[in-house]
$ cat query_33.cif   # mmCIF, C-alpha atoms
data_target
loop_
_atom_site.label_atom_id
_atom_site.label_comp_id
_atom_site.auth_asym_id
_atom_site.auth_seq_id
_atom_site.Cartn_x
_atom_site.Cartn_y
_atom_site.Cartn_z
CA MET A 1 -6.26 -10.07 8.50
CA ALA A 2 -4.35 -13.34 8.85
CA TRP A 3 -1.32 -11.76 7.16
CA LEU A 4 -1.47 -8.75 9.50
CA VAL A 5 -1.66 -10.98 12.59
CA ALA A 6 1.28 -13.05 11.32
CA ALA A 7 3.33 -9.92 10.65
CA GLY A 8 2.63 -8.63 14.16
CA ALA A 9 3.51 -11.96 15.78
CA VAL A 10 6.80 -12.28 13.88
CA THR A 11 7.68 -8.65 14.66
CA VAL A 12 7.21 -9.31 18.38
CA GLY A 13 9.39 -12.42 18.05
CA VAL A 14 12.14 -10.45 16.32
CA LEU A 15 12.08 -7.59 18.85
CA ALA A 16 11.79 -9.87 21.89
CA GLY A 17 14.73 -12.04 20.86
CA PRO A 18 13.65 -15.56 19.84
CA LEU A 19 13.52 -14.62 16.14
CA ALA A 20 16.10 -11.83 16.23
CA THR A 21 18.36 -13.61 13.74
CA TRP A 22 15.63 -13.31 11.09
CA GLY A 23 15.86 -9.52 11.17
CA ALA A 24 13.29 -7.14 9.74
CA TRP A 25 13.11 -8.75 6.28
CA LEU A 26 10.55 -11.43 7.13
CA PRO A 27 7.93 -9.32 9.00
CA LEU A 28 8.22 -6.57 6.40
CA HIS A 29 7.55 -8.98 3.55
CA ILE A 30 4.74 -10.72 5.44
CA LEU A 31 3.11 -7.29 5.67
CA LEU A 32 3.93 -5.98 2.19
CA LEU A 33 3.88 -9.04 -0.04
CA GLY A 34 1.31 -10.95 1.99
CA GLY A 35 -1.05 -8.42 3.55
CA ILE A 36 -0.78 -5.42 1.21
CA GLY A 37 -0.45 -7.67 -1.85
CA SER A 38 -3.61 -9.59 -0.96
CA ALA A 39 -5.55 -6.39 -0.29
CA ILE A 40 -4.52 -4.81 -3.60
CA THR A 41 -5.26 -8.04 -5.49
CA THR A 42 -8.79 -8.00 -4.13
CA TRP A 43 -9.64 -4.31 -4.13
CA SER A 44 -8.10 -3.54 -7.52
CA ALA A 45 -10.57 -5.99 -9.08
CA HIS A 46 -13.54 -4.51 -7.19
CA PHE A 47 -12.62 -0.94 -8.06
CA ALA A 48 -12.07 -1.88 -11.70
CA ASP A 49 -15.61 -3.33 -11.72
CA THR A 50 -16.93 -0.08 -10.27
CA LEU A 51 -15.04 2.22 -12.62
CA LEU A 52 -15.77 0.24 -15.78
CA HIS A 53 -19.38 -0.66 -14.91
CA ARG A 54 -18.86 -4.13 -16.32
CA PRO A 55 -18.13 -7.49 -14.63
CA ALA A 56 -14.53 -8.58 -14.84
CA TRP A 57 -13.38 -11.29 -17.19
CA GLY A 58 -13.58 -14.51 -15.18
CA GLY A 59 -15.71 -12.91 -12.49
CA ALA A 60 -15.43 -13.79 -8.82
CA ALA A 61 -14.07 -17.27 -9.58
CA LEU A 62 -10.97 -15.84 -11.26
CA LEU A 63 -10.45 -13.35 -8.45
CA ASP A 64 -10.70 -16.09 -5.82
CA ALA A 65 -8.21 -18.20 -7.77
CA ARG A 66 -5.82 -15.27 -8.09
CA LEU A 67 -6.09 -14.45 -4.41
CA ALA A 68 -5.39 -18.05 -3.42
CA ALA A 69 -2.47 -18.22 -5.83
CA HIS A 70 -1.02 -15.00 -4.47
CA GLY A 71 -1.26 -16.29 -0.89
CA LEU A 72 0.37 -19.63 -1.72
CA GLY A 73 3.04 -17.94 -3.83
CA ALA A 74 3.84 -15.47 -1.06
CA ILE A 75 4.14 -18.28 1.48
CA ALA A 76 6.49 -20.16 -0.85
CA VAL A 77 8.64 -17.07 -1.41
CA LEU A 78 8.91 -16.25 2.30
CA THR A 79 9.60 -19.86 3.28
CA GLY A 80 12.06 -20.45 0.45
CA ILE A 81 14.16 -17.35 1.09
CA THR A 82 14.11 -17.74 4.88
CA ALA A 83 15.10 -21.43 4.71
CA GLY A 84 17.51 -21.00 1.80
CA LEU A 85 15.42 -23.12 -0.60
CA ASP A 86 16.05 -21.44 -3.95
CA ARG A 87 13.73 -23.62 -5.99
CA LEU A 88 10.82 -23.10 -3.62
CA ALA A 89 11.39 -19.33 -3.67
CA LEU A 90 11.56 -19.35 -7.48
CA ALA A 91 8.34 -21.36 -7.72
CA GLY A 92 6.59 -18.96 -5.36
CA ALA A 93 7.80 -15.92 -7.29
CA ALA A 94 6.59 -17.51 -10.54
CA VAL A 95 3.11 -18.04 -9.06
CA VAL A 96 2.94 -14.41 -7.84
CA ILE A 97 4.06 -13.16 -11.25
CA ALA A 98 1.55 -15.36 -13.07
CA GLN A 99 -1.43 -14.23 -10.98
CA ALA A 100 -0.43 -10.57 -11.36
CA LEU A 101 -0.19 -10.84 -15.14
CA LEU A 102 -3.51 -12.68 -15.21
CA GLY A 103 -5.01 -9.74 -13.31
CA VAL A 104 -3.56 -7.35 -15.90
CA ALA A 105 -5.17 -9.36 -18.70
CA ALA A 106 -8.52 -9.42 -16.88
CA ILE A 107 -8.54 -5.62 -16.45
CA LEU A 108 -7.51 -4.96 -20.05
CA VAL A 109 -10.20 -7.28 -21.42
CA GLN A 110 -12.74 -5.75 -19.06
CA ARG A 111 -11.78 -2.22 -20.14
CA ARG A 112 -11.98 -3.12 -23.82
CA ARG A 113 -15.51 -4.48 -23.37
CA ALA A 114 -16.71 -1.50 -21.33
CA VAL A 115 -18.92 1.00 -23.14
CA ALA A 116 -17.48 4.54 -22.78
CA PRO A 117 -16.98 4.49 -18.99
CA ARG A 118 -16.65 7.99 -17.54
CA MET A 119 -13.66 7.09 -15.37
CA GLY A 120 -12.44 3.96 -17.13
CA ALA A 121 -8.96 5.39 -17.58
CA LEU A 122 -8.43 5.13 -13.81
CA ALA A 123 -8.62 1.33 -14.09
CA LEU A 124 -5.26 1.47 -15.89
CA HIS A 125 -3.66 2.38 -12.56
CA TYR A 126 -4.42 -1.15 -11.36
CA ALA A 127 -3.11 -2.80 -14.53
CA VAL A 128 0.14 -0.81 -14.26
CA ALA A 129 0.45 -1.59 -10.54
CA LEU A 130 0.06 -5.34 -11.19
CA VAL A 131 2.77 -5.13 -13.85
CA ALA A 132 4.95 -3.48 -11.20
CA LEU A 133 4.13 -6.36 -8.82
CA ALA A 134 5.22 -8.94 -11.40
CA THR A 135 8.40 -6.98 -12.17
CA GLY A 136 9.19 -6.40 -8.50
CA ALA A 137 8.69 -10.08 -7.64
CA LEU A 138 11.16 -11.09 -10.36
CA LEU A 139 13.67 -8.47 -9.22
CA GLY A 140 13.26 -9.61 -5.61
CA TRP A 141 14.08 -13.20 -6.49
CA LEU A 142 17.06 -12.06 -8.59
CA THR A 143 18.28 -9.95 -5.67
CA ASN A 144 18.21 -12.97 -3.37
CA TRP A 145 19.84 -15.21 -5.99
CA ALA A 146 22.60 -12.70 -6.73
CA GLY A 147 23.24 -12.18 -3.04
CA GLU A 148 23.76 -15.91 -2.51
CA HIS A 149 25.64 -16.73 -5.70
CA GLY A 150 27.22 -13.58 -7.04
CA GLY A 151 27.26 -11.03 -4.26
CA GLY A 152 30.53 -12.01 -2.76
CA GLY A 153 32.56 -10.51 -5.54
CA SER A 154 33.81 -13.93 -6.68
CA THR A 155 33.96 -12.65 -10.25
CA GLY A 156 36.52 -10.10 -9.19
CA GLY A 157 36.44 -6.55 -7.89
CA ALA A 158 33.14 -5.15 -6.75
CA VAL A 159 31.01 -6.39 -9.65
CA GLY A 160 29.08 -8.86 -7.46
CA PRO A 161 28.13 -6.48 -4.63
CA ARG A 162 27.24 -3.72 -7.08
CA LEU A 163 24.89 -6.05 -8.95
CA VAL A 164 23.14 -6.99 -5.71
CA ASP A 165 22.80 -3.33 -4.72
CA ALA A 166 21.40 -2.39 -8.14
CA LEU A 167 18.86 -5.23 -8.04
CA TYR A 168 17.87 -4.34 -4.48
CA ILE A 169 17.27 -0.70 -5.42
CA ALA A 170 15.23 -1.73 -8.47
CA HIS A 171 13.17 -4.24 -6.47
CA THR A 172 12.40 -1.91 -3.57
CA THR A 173 11.48 1.14 -5.64
CA THR A 174 9.38 -0.90 -8.08
CA MET A 175 7.35 -2.43 -5.27
CA LEU A 176 6.93 0.66 -3.08
CA LEU A 177 6.63 3.41 -5.69
CA GLY A 178 5.12 1.30 -8.45
CA PHE A 179 2.98 -1.45 -6.97
CA VAL A 180 1.80 0.14 -3.74
CA GLY A 181 2.21 3.83 -4.61
CA ILE A 182 0.44 3.83 -7.98
CA THR A 183 -2.38 1.68 -6.59
CA VAL A 184 -3.01 3.98 -3.64
CA LEU A 185 -2.77 7.20 -5.64
CA GLY A 186 -5.14 5.91 -8.30
CA THR A 187 -7.63 4.62 -5.75
CA LEU A 188 -7.70 7.83 -3.73
CA THR A 189 -8.85 9.75 -6.80
CA VAL A 190 -12.28 8.15 -6.38
CA LEU A 191 -12.22 6.82 -2.82
CA TRP A 192 -11.08 10.01 -1.06
CA PRO A 193 -14.14 12.18 -1.84
CA THR A 194 -16.34 9.15 -1.17
CA MET A 195 -14.78 8.74 2.28
CA LEU A 196 -15.38 12.43 2.94
CA ARG A 197 -18.96 12.08 1.61
CA THR A 198 -18.64 14.97 -0.78
CA ARG A 199 -18.31 15.80 -4.46
CA MET A 200 -15.29 14.75 -6.46
CA GLU A 201 -13.35 17.64 -7.96
CA PRO A 202 -14.33 17.86 -11.64
CA ASP A 203 -10.72 17.68 -12.86
CA ALA A 204 -9.67 14.77 -10.60
CA PRO A 205 -10.11 11.90 -13.12
CA ARG A 206 -8.36 13.87 -15.86
CA ARG A 207 -5.41 14.81 -13.67
CA ALA A 208 -5.07 11.25 -12.40
CA ALA A 209 -5.03 9.89 -15.96
CA ARG A 210 -2.40 12.44 -16.98
CA GLY A 211 -0.33 11.73 -13.90
CA LEU A 212 -0.13 7.96 -14.48
CA PRO A 213 2.52 8.06 -17.26
CA VAL A 214 4.55 10.49 -15.15
CA LEU A 215 4.41 8.09 -12.18
CA VAL A 216 5.49 5.20 -14.41
CA VAL A 217 8.47 7.12 -15.81
CA GLY A 218 9.48 8.28 -12.32
CA THR A 219 9.30 4.73 -10.97
CA ALA A 220 11.34 3.31 -13.86
CA LEU A 221 14.07 5.96 -13.57
CA SER A 222 14.25 5.56 -9.78
CA ALA A 223 14.52 1.79 -10.18
CA ALA A 224 17.45 2.27 -12.55
CA ALA A 225 19.36 4.40 -10.04
CA GLY A 226 21.54 1.45 -9.06
CA ALA A 227 22.81 1.18 -12.61
CA TRP A 228 23.42 4.92 -13.00
CA ALA A 229 22.76 7.25 -10.08
CA PRO A 230 21.74 10.36 -12.11
CA LEU A 231 18.69 8.43 -13.35
CA GLY A 232 17.42 8.19 -9.79
CA ALA A 233 18.09 11.88 -9.16
CA LEU A 234 15.87 12.60 -12.17
CA GLY A 235 13.28 9.92 -11.42
CA VAL A 236 12.30 11.02 -7.91
CA PRO A 237 11.31 14.60 -8.88
CA ILE A 238 9.37 13.23 -11.86
CA TYR A 239 7.52 10.82 -9.56
CA LEU A 240 6.70 13.64 -7.14
CA LEU A 241 5.38 15.68 -10.07
CA GLY A 242 3.05 12.83 -11.02
CA ALA A 243 1.95 12.40 -7.41
CA ALA A 244 1.22 16.13 -7.16
CA SER A 245 -0.95 15.90 -10.27
CA VAL A 246 -3.01 13.10 -8.70
CA LEU A 247 -3.16 14.52 -5.16
CA GLY A 248 -3.92 18.14 -6.08
CA PRO A 249 -7.71 17.62 -6.35
CA ALA A 250 -7.66 15.49 -3.19
CA LEU A 251 -6.02 18.35 -1.30
CA ARG A 252 -8.66 20.79 -2.50
CA THR A 253 -11.34 18.33 -1.40
CA ALA A 254 -9.77 18.05 2.06
CA ARG A 255 -9.70 21.83 2.41
CA ARG A 256 -13.38 21.96 1.58
CA VAL A 257 -14.36 19.01 3.81
CA PRO A 258 -11.67 18.35 6.46
CA PRO A 259 -10.94 14.69 7.28
CA ASN A 260 -12.24 14.15 10.81
CA SER A 261 -13.08 10.43 10.93
CA TYR A 262 -10.51 7.78 11.82
CA ALA A 263 -10.46 6.37 8.29
CA THR A 264 -9.91 9.70 6.56
CA ALA A 265 -7.42 11.07 9.12
CA SER A 266 -5.28 7.93 9.06
CA THR A 267 -5.35 7.86 5.25
CA ALA A 268 -4.24 11.48 5.12
CA ALA A 269 -1.41 10.73 7.56
CA ALA A 270 -0.36 7.74 5.45
CA VAL A 271 -0.09 9.90 2.32
CA CYS A 272 2.08 12.36 4.27
CA TRP A 273 4.40 9.50 5.24
CA PHE A 274 4.57 8.42 1.61
CA ILE A 275 5.44 11.84 0.21
CA ALA A 276 8.03 12.39 2.96
CA GLY A 277 9.55 8.98 2.19
CA VAL A 278 9.86 9.74 -1.52
CA VAL A 279 11.48 13.11 -0.73
CA LEU A 280 13.98 11.42 1.61
CA LEU A 281 14.70 8.85 -1.11
CA GLY A 282 15.59 11.65 -3.51
CA ARG A 283 17.75 13.23 -0.83
CA GLY A 284 19.61 9.95 -0.36
CA ILE A 285 20.23 9.59 -4.09
CA VAL A 286 21.49 13.17 -4.35
CA GLY A 287 23.75 12.51 -1.37
CA ALA A 288 25.20 9.47 -3.11
CA LEU A 289 25.83 11.57 -6.23
CA ALA A 290 27.58 14.20 -4.12
CA ASP A 291 29.85 11.52 -2.68
CA GLY A 292 30.57 10.36 -6.21
CA ALA A 293 31.63 13.86 -7.15
CA GLY A 294 34.23 13.60 -4.42
CA GLY A 295 35.83 10.55 -6.02
CA ALA A 296 33.64 7.62 -4.99
CA ASP A 297 33.16 4.97 -7.65
CA ALA A 298 29.86 3.65 -9.03
CA ALA A 299 29.84 0.70 -6.63
CA ALA A 300 30.14 3.02 -3.62
CA GLN A 301 27.32 5.17 -5.00
CA ALA A 302 25.07 2.13 -5.40
CA ALA A 303 25.90 1.02 -1.86
CA ALA A 304 25.07 4.48 -0.50
CA MET A 305 21.75 4.54 -2.34
CA ARG A 306 20.90 1.08 -1.09
CA GLN A 307 21.59 2.20 2.45
CA ALA A 308 19.33 5.23 2.00
CA ILE A 309 16.48 3.07 0.68
CA HIS A 310 17.12 0.47 3.39
CA GLY A 311 16.48 3.12 6.03
CA LEU A 312 13.13 4.02 4.47
CA ARG A 313 11.66 0.53 4.53
CA LEU A 314 10.09 0.79 7.97
CA PRO A 315 8.67 4.33 7.56
CA LEU A 316 7.08 3.45 4.22
CA ALA A 317 5.88 0.02 5.36
CA ALA A 318 4.40 1.07 8.71
CA GLY A 319 3.66 4.76 8.21
CA PHE A 320 2.37 4.51 4.65
CA ALA A 321 1.36 0.99 3.59
CA LEU A 322 0.02 -0.33 6.90
CA GLN A 323 -1.68 2.92 7.86
CA VAL A 324 -3.47 3.33 4.54
CA LEU A 325 -4.57 -0.31 4.78
CA ILE A 326 -6.08 0.05 8.25
CA GLY A 327 -7.68 3.34 7.19
CA ALA A 328 -9.31 1.60 4.24
CA LEU A 329 -10.43 -1.29 6.46
CA SER A 330 -11.99 1.19 8.88
CA TYR A 331 -13.97 2.75 6.06
CA LEU A 332 -14.94 -0.46 4.27
CA THR A 333 -16.03 -2.47 7.32
CA PRO A 334 -19.40 -0.67 7.74
CA VAL A 335 -19.93 -0.91 3.97
CA MET A 336 -19.32 -4.65 3.88
CA LEU A 337 -21.47 -5.34 6.95
CA GLY A 338 -24.39 -3.44 5.42
CA GLY A 339 -27.72 -3.31 7.21
CA GLY A 340 -28.97 0.13 6.23
CA PRO A 341 -28.21 3.71 7.35
CA ALA A 342 -28.78 3.13 11.08
CA ALA A 343 -26.51 0.08 11.13
CA THR A 344 -23.82 1.99 9.23
CA ARG A 345 -23.96 4.80 11.79
CA ALA A 346 -23.61 2.22 14.57
CA THR A 347 -20.52 0.57 13.07
CA ASN A 348 -18.97 3.94 12.20
CA ALA A 349 -19.41 4.99 15.82
CA ILE A 350 -17.39 2.00 16.99
CA LEU A 351 -14.54 2.52 14.54
CA ASP A 352 -14.38 6.30 15.10
CA ARG A 353 -14.10 6.24 18.88
CA ALA A 354 -11.20 8.45 20.05
CA ALA A 355 -10.24 8.92 16.42
CA SER A 356 -8.16 12.06 16.92
CA TYR A 357 -6.21 10.56 19.80
CA ARG A 358 -5.60 7.26 18.00
CA VAL A 359 -4.29 8.85 14.82
CA THR A 360 -2.15 11.42 16.62
CA ALA A 361 -0.71 9.03 19.20
CA ALA A 362 -0.04 6.24 16.69
CA ASN A 363 1.90 8.51 14.37
CA ALA A 364 3.77 10.12 17.26
CA GLY A 365 4.70 6.66 18.54
CA LEU A 366 5.90 5.67 15.10
CA LEU A 367 8.04 8.79 14.86
CA ILE A 368 9.57 7.96 18.25
CA ALA A 369 10.19 4.36 17.19
CA LEU A 370 12.02 5.46 14.05
CA ALA A 371 14.11 8.24 15.59
CA PRO A 372 17.73 7.00 15.64
CA VAL A 373 18.82 9.62 18.18
CA LEU A 374 16.64 8.13 20.92
CA THR A 375 17.59 5.24 23.17
CA THR A 376 16.41 1.73 22.38
CA PRO A 377 13.92 1.46 25.30
CA VAL A 378 12.27 4.74 24.29
CA ARG A 379 12.03 3.63 20.66
CA LEU A 380 10.53 0.31 21.70
CA ALA A 381 7.96 2.14 23.82
CA GLY A 382 6.99 4.22 20.80
CA ALA A 383 6.70 1.11 18.67
CA LEU A 384 4.53 -0.56 21.32
CA LEU A 385 2.20 2.46 21.43
CA ALA A 386 1.86 2.58 17.63
CA GLY A 387 1.33 -1.17 17.42
CA ALA A 388 -1.30 -1.22 20.16
CA LEU A 389 -3.28 1.56 18.50
CA ALA A 390 -3.02 -0.13 15.11
CA ALA A 391 -4.34 -3.34 16.69
CA ALA A 392 -7.42 -1.41 17.78
CA VAL A 393 -8.65 -1.51 14.19
CA PRO A 394 -9.12 -5.30 13.88
CA VAL A 395 -10.56 -5.29 17.40
CA GLY A 396 -13.06 -2.66 16.29
CA MET A 397 -13.89 -4.66 13.16
CA ALA A 398 -14.62 -7.71 15.29
CA ARG A 399 -16.74 -5.59 17.64
CA CYS A 400 -18.73 -4.29 14.67
CA ALA A 401 -19.39 -7.82 13.46
CA LEU A 402 -20.51 -8.89 16.93
CA GLU A 403 -22.77 -5.86 17.25
CA ARG A 404 -24.39 -6.63 13.92
CA ARG A 405 -24.89 -10.38 14.48
CA PRO A 406 -27.56 -10.38 17.22
CA ARG A 407 -29.36 -7.41 15.70
CA GLY A 408 -30.80 -9.30 12.74
CA ALA A 409 -32.28 -7.91 9.58
CA GLY A 410 -35.46 -6.68 11.28
CA ASP A 411 -33.81 -4.32 13.80
CA PRO A 412 -30.78 -2.62 12.29
CA ALA A 413 -31.06 0.42 14.49
CA ARG A 414 -29.78 -1.11 17.69
CA GLY A 415 -26.25 -0.33 18.69
CA PRO A 416 -24.13 2.64 19.79
CA HIS A 417 -25.05 4.83 16.81
CA ARG A 418 -26.38 7.64 18.96
CA THR A 419 -22.79 8.76 19.62
CA SER A 420 -22.12 9.40 15.95
CA HIS A 421 -23.54 11.88 13.48
CA ALA A 422 -21.77 10.41 10.46
CA GLN A 423 -23.78 9.90 7.33
CA PRO A 424 -24.18 6.46 5.81
CA VAL A 425 -21.33 5.27 3.65
CA PRO A 426 -22.06 4.34 0.03
CA SER A 427 -20.51 1.11 -1.15
CA ARG A 428 -19.76 2.54 -4.59
CA PRO A 429 -17.68 5.66 -5.30
CA ALA A 430 -19.62 8.71 -6.45
CA PRO A 431 -19.26 9.64 -10.12
CA ALA A 432 -17.11 12.61 -10.99
CA GLY A 433 -18.88 15.82 -10.21
CA ALA A 434 -21.91 14.17 -8.65
CA PRO A 435 -22.87 14.54 -4.99
CA THR A 436 -22.97 11.48 -2.84
CA THR A 437 -26.28 10.52 -1.28
CA GLY A 438 -27.24 9.58 2.20
CA GLU A 439 -28.82 6.32 1.10
CA HIS A 440 -26.88 3.15 1.77
CA HIS A 441 -26.39 0.78 -1.14
CA ASP A 442 -25.73 -2.82 -0.40
CA ARG A 443 -24.76 -3.66 -3.96
CA ARG A 444 -21.16 -4.63 -4.54
CA PRO A 445 -19.27 -5.52 -7.72
#
$ encode --input "query_33.cif" --output "structure tokens"
Amino acid sequence: MAWLVAAGAVTVGVLAGPLATWGAWLPLHILLLGGIGSAITTWSAHFADTLLHRPAWGGAALLDARLAAHGLGAIAVLTGITAGLDRLALAGAAVVIAQALLGVAAILVQRRRAVAPRMGALALHYAVALVALATGALLGWLTNWAGEHGGGGSTGGAVGPRLVDALYIAHTTTMLLGFVGITVLGTLTVLWPTMLRTRMEPDAPRRAARGLPVLVVGTALSAAAGAWAPLGALGVPIYLLGAASVLGPALRTARRVPPNSYATASTAAAVCWFIAGVVLLGRGIVGALADGAGGADAAAQAAAMRQAIHGLRLPLAAGFALQVLIGALSYLTPVMLGGGPAATRATNAILDRAASYRVTAANAGLLIALAPVLTTPVRLAGALLAGALAAAVPVGMARCALERRPRGAGDPARGPHRTSHAQPVPSRPAPAGAPTTGEHHDRRP
């Protein structure tokens, strides 16, 4: 939550003028590296515990240490790059890489010790995503270093700028498609039917496990597009094929039980933003290849691809990453507060107020904010609408906590639950093929 508040404050400062010289880089990385990175660091460990049915290597102490290291490393990276302190940025990147690789080791050890878990293969999504985080952090630091020391073409010709463009493409695609994308797709395999309070499709775990190598290959080829553009043109369709394999069962589940709560509707909208962003990325790479067929050199192709990816940063950050995060927070808040079925209904009622309007208006405002054909005041109004509605989620979380505090353990039924007919939310995902129950479980990994 602190990262999200900081990202919002810096964004206002950039748009209002005092921090305009910082541009969009800093608020985007506060959100993605700080907020999304912290959330994935935490939740990947909890979901691995749930899937493998065995405590993680190092337990909660290791997770707390990793989370603290990630936060400090992210602060060092953001401060170092913003202030031009290369050594501080390098030290921060090294800390982020180290904690990510430690998380990979913890999941692999945990999986090896697990006894025939039914959905243990899904835990590999988190190990792969953390490898992507470590790789993307290294590529991000190299992009900044090359931009400051080798991006001016001092070695002659366009070698310097092309290297920066290639590193930028590799960094951005590895983080968005690999780190965030693979994490979200793997998590939704189990979390999506749980959010809808229904059965998981029987083939969902198998299709997710088969789709993971396809997603990895698609990410790697897309990341290499700056070196050779045809690799990116091949990588994006492969990635979409892997995403279709994972999301196919989720789509069938949504047809059977439509998403009508705020958490499920916003998560569905976020996935739509993600798929649309990947399609537009492929379109940009194909466009760069078409320009190359007309005589453009490799450096011009890399620059065109970088520009295409650069234009997708805000849609993927706000429409996909932020929206799926606030959707998950809306679902997990009643689970974490606990208190029994009546208390869960009460907190769900708070977070689901005006759900249809909030999801529709927020996404419409975001579309307006990102439409280049509109005037600046109109786009700012759209951004203000989307931001205000996104801010309603932490306000609702705080309201839920306040509603629960005076109620006490002996009277969990007080609160505005009479306005909601939602069933209690289980804190653990339902096993494949098994129906969820209406009983609330207060056990957590």
$ resolve_selection --input "query_33.cif" --expression "the PyMOL selection byres ((chain A and resi 66) around 12)" --output "mmCIF file with C-alpha atoms, in the coordinates of the input"
data_model
loop_
_atom_site.group_PDB
_atom_site.id
_atom_site.type_symbol
_atom_site.label_atom_id
_atom_site.label_comp_id
_atom_site.auth_asym_id
_atom_site.auth_seq_id
_atom_site.Cartn_x
_atom_site.Cartn_y
_atom_site.Cartn_z
ATOM 1 C CA GLY A 37 -0.450 -7.670 -1.850
ATOM 2 C CA SER A 38 -3.610 -9.590 -0.960
ATOM 3 C CA ALA A 39 -5.550 -6.390 -0.290
ATOM 4 C CA ILE A 40 -4.520 -4.810 -3.600
ATOM 5 C CA THR A 41 -5.260 -8.040 -5.490
ATOM 6 C CA THR A 42 -8.790 -8.000 -4.130
ATOM 7 C CA SER A 44 -8.100 -3.540 -7.520
ATOM 8 C CA ALA A 45 -10.570 -5.990 -9.080
ATOM 9 C CA GLY A 58 -13.580 -14.510 -15.180
ATOM 10 C CA GLY A 59 -15.710 -12.910 -12.490
ATOM 11 C CA ALA A 60 -15.430 -13.790 -8.820
ATOM 12 C CA ALA A 61 -14.070 -17.270 -9.580
ATOM 13 C CA LEU A 62 -10.970 -15.840 -11.260
ATOM 14 C CA LEU A 63 -10.450 -13.350 -8.450
ATOM 15 C CA ASP A 64 -10.700 -16.090 -5.820
ATOM 16 C CA ALA A 65 -8.210 -18.200 -7.770
ATOM 17 C CA LEU A 67 -6.090 -14.450 -4.410
ATOM 18 C CA ALA A 68 -5.390 -18.050 -3.420
ATOM 19 C CA ALA A 69 -2.470 -18.220 -5.830
ATOM 20 C CA HIS A 70 -1.020 -15.000 -4.470
ATOM 21 C CA GLY A 71 -1.260 -16.290 -0.890
ATOM 22 C CA LEU A 72 0.370 -19.630 -1.720
ATOM 23 C CA GLY A 73 3.040 -17.940 -3.830
ATOM 24 C CA ALA A 74 3.840 -15.470 -1.060
ATOM 25 C CA VAL A 95 3.110 -18.040 -9.060
ATOM 26 C CA VAL A 96 2.940 -14.410 -7.840
ATOM 27 C CA ILE A 97 4.060 -13.160 -11.250
ATOM 28 C CA ALA A 98 1.550 -15.360 -13.070
ATOM 29 C CA GLN A 99 -1.430 -14.230 -10.980
ATOM 30 C CA ALA A 100 -0.430 -10.570 -11.360
ATOM 31 C CA LEU A 101 -0.190 -10.840 -15.140
ATOM 32 C CA LEU A 102 -3.510 -12.680 -15.210
ATOM 33 C CA GLY A 103 -5.010 -9.740 -13.310
ATOM 34 C CA VAL A 104 -3.560 -7.350 -15.900
ATOM 35 C CA ALA A 106 -8.520 -9.420 -16.880
ATOM 36 C CA LEU A 130 0.060 -5.340 -11.190
#
$ atom_distance --input "query_33.cif" --atom1 "CA of Leu32 (chain A)" --atom2 "CA of Ala225 (chain A)"
22.3 Å
$ resolve_selection --input "query_33.cif" --expression "the PyMOL selection byres ((chain A and resi 181) around 12)" --output "VMD selection string"
chain A and resid 36 40 125 to 126 128 to 130 132 to 133 172 to 180 182 to 188 212 215 to 216 218 to 219 239 to 240 242 to 243 246 to 247 270 to 271 273 to 275 277 to 278 316 to 317 320 to 321 324
$ closest_residue --input "query_33.cif" --among "A:Ala56, A:Ala134, A:Val190, A:Ala318" --to "Arg112 (chain A)" --atoms "only C-alpha atoms"
A:Ala56
$ atom_distance --input "query_33.cif" --atom1 "CA of Ser261 (chain A)" --atom2 "CA of Ser356 (chain A)"
7.9 Å
$ closest_residue --input "query_33.cif" --among "A:Pro372, A:Gly365, A:Pro334, A:Pro213" --to "Gly396 (chain A)" --atoms "all atoms listed in the file"
A:Pro334
$ atom_distance --input "query_33.cif" --atom1 "CA of Val5 (chain A)" --atom2 "CA of Thr344 (chain A)"
25.9 Å
$ residues_around --input "query_33.cif" --residues "Thr143 (chain A)" --least-positions-apart "4" --cutoff "12 Å" --atoms "only C-alpha atoms" --output "list in words"
Ile81, Asp86, Ala89, Leu90, Gly136, Ala137, Leu138, Leu139, Gly147, Glu148, His149, Gly150, Gly151, Gly160, Pro161, Arg162, Leu163, Val164, Asp165, Ala166, Leu167, Tyr168, Ile169, Ala170, His171 and Thr172 of chain A
$ write_last_selection --input "query_33.cif" --atoms "C-alpha atoms" --output "compact mmCIF listing (two decimals), in the coordinates of the input"
# COMPACT_ATOMS: atom_id res chain seq x y z
CA ILE A 81 14.16 -17.35 1.09
CA ASP A 86 16.05 -21.44 -3.95
CA ALA A 89 11.39 -19.33 -3.67
CA LEU A 90 11.56 -19.35 -7.48
CA GLY A 136 9.19 -6.40 -8.50
CA ALA A 137 8.69 -10.08 -7.64
CA LEU A 138 11.16 -11.09 -10.36
CA LEU A 139 13.67 -8.47 -9.22
CA GLY A 147 23.24 -12.18 -3.04
CA GLU A 148 23.76 -15.91 -2.51
CA HIS A 149 25.64 -16.73 -5.70
CA GLY A 150 27.22 -13.58 -7.04
CA GLY A 151 27.26 -11.03 -4.26
CA GLY A 160 29.08 -8.86 -7.46
CA PRO A 161 28.13 -6.48 -4.63
CA ARG A 162 27.24 -3.72 -7.08
CA LEU A 163 24.89 -6.05 -8.95
CA VAL A 164 23.14 -6.99 -5.71
CA ASP A 165 22.80 -3.33 -4.72
CA ALA A 166 21.40 -2.39 -8.14
CA LEU A 167 18.86 -5.23 -8.04
CA TYR A 168 17.87 -4.34 -4.48
CA ILE A 169 17.27 -0.70 -5.42
CA ALA A 170 15.23 -1.73 -8.47
CA HIS A 171 13.17 -4.24 -6.47
CA THR A 172 12.40 -1.91 -3.57
$ closest_residue --input "query_33.cif" --among "A:Ala290, A:Leu142, A:Ile238, A:Gly282" --to "Leu312 (chain A)" --atoms "all atoms listed in the file"
A:Gly282
